[in-house]
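Enquirer: Structure provided below as structure tokens; questions to follow.
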Amino acid sequence: MNSQVADPVLARVRKLLAKAESAGVTPAEAQALTAKAAELMAKYGIDRALLAAERPETDRPADRVIDVDNPWSRVQAHLLCGLASALRCQCVILPRTGPGSRIHMFGFSSDIERTDVLYTSLLVQMWQGLAAAEVPAWSRSPRAWRRSWLLGFATAVVARVRAAEDAATRRATAPEAGSGSQAALVLADRTLVIRRNIEQAYPVTRKSQVTYSGNGYGAGYTQGQRADIGTTRLRRGSARALTG
């Protein structure tokens with residue numbers, strides 16, 4: 001799947017975040033630009049859902065199998081599944097005999113696309129942040145500290161994306177919104193469609209949880225709160241988009 005999305009709204013998201021990362025921009029300006037980008041990304045998801053209600057051919061249910069390689073494949077899968085859930089997709093973690101993880105993602109095409117955009121970017125930011133993080137001298141297990149740092153980062157960015165999505169949903173479904181009741185029904189229907197598709201593919205599933213034992217969670221969470229959410233402005237070849 002190509003993360004270089006041609007949609008004008010997502011192109012504007014990239015431009016906002018490129019400006020936020022430019023030299024000379026103050027932290028307050030960068031934060032405002034990043035918040036606007038996240039808001040646009042969330043509104044884009046609502047708009048695509050409403051359009052598809054009238055023109056189903058513009059956004060159909062889809063699914064994609066993604067192989068997540070080591071290192072830290074379970075943490076990467078945790079980030080991917082968390083973002084997918086925040087963006088109205090759902091993931092099933094599949095058994096895999098070799099190294100790494102395999103994820104089967106279900107959602108509407110536009111939401112899978114949004115997940116691709118964010119995951120590709122945030123994965124690079126996560127590795128960059130970890131490379132810059134210093135393991136405390138008192139840490140008994142540097143590996144455990146790094147793993148907990150990664151989980152803290154993933155938890156923070158997923159929470160931020162989910163908050164932006166929730167805010168956009170509240171605005172779209174509010175009584176004063178012109179299509180509030182329609183938007184609520186459309187989003188609820190899309191959720192049911194995704195759930196039904198998962199149940200048809202996997203009648204029996206169970207929830208999984210990623211745990212950690214290191215002390216880097218707080219540092220990673222703090223870094224995740226600073227991460228850009230919504231950018232695809234990456235160096236070519238520095239990350240892989242969602243491909244099966």
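For the structure tokens, the naming scheme is as follows: chains receive sequential letters (A, B, ...) according to their order of presentation, residues are indexed from 1 within each chain, and ligands are indexed from 1 in presentation order.
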Need to verify the contact set: stretch 39-54 of chain A, 10 Å, only C-alpha atoms, exclusion of same-chain residues closer than 5 positions in sequence. Can you return it as a PyMOL selection string?
Expert: chain A and resi 7+9-10+12-13+33-34+59-60+87-88+108-111+113-114+117-118+161-169+171-173+179+182-187+189-190+229-231
Enquirer: So that I can check the secondary structure, give me every residue of stretch 2-223 of chain A assigned alpha helix (DSSP H) by backbone DSSP, as a ChimeraX atom specification.
Expert: /A:8-20,27-54,73-86,109-132,142-173,180-201,217-223
Enquirer: Return as a list in words the full set of residues in stretch 11-110 of chain A whose backbone-based DSSP assignment is strand (DSSP E or B).
Expert: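 Matching residues for strand (DSSP E or B) in stretch 11-110 of chain A are Pro61, Ala62, Asp63, Arg64, Val65, Ile66, Asp67, Val68, Gln90, Cys91, Val92, Ile93, Leu94, Ser101, Arg102, Ile103, His104, Met105, Phe106, Gly107 and Phe108 of chain A.
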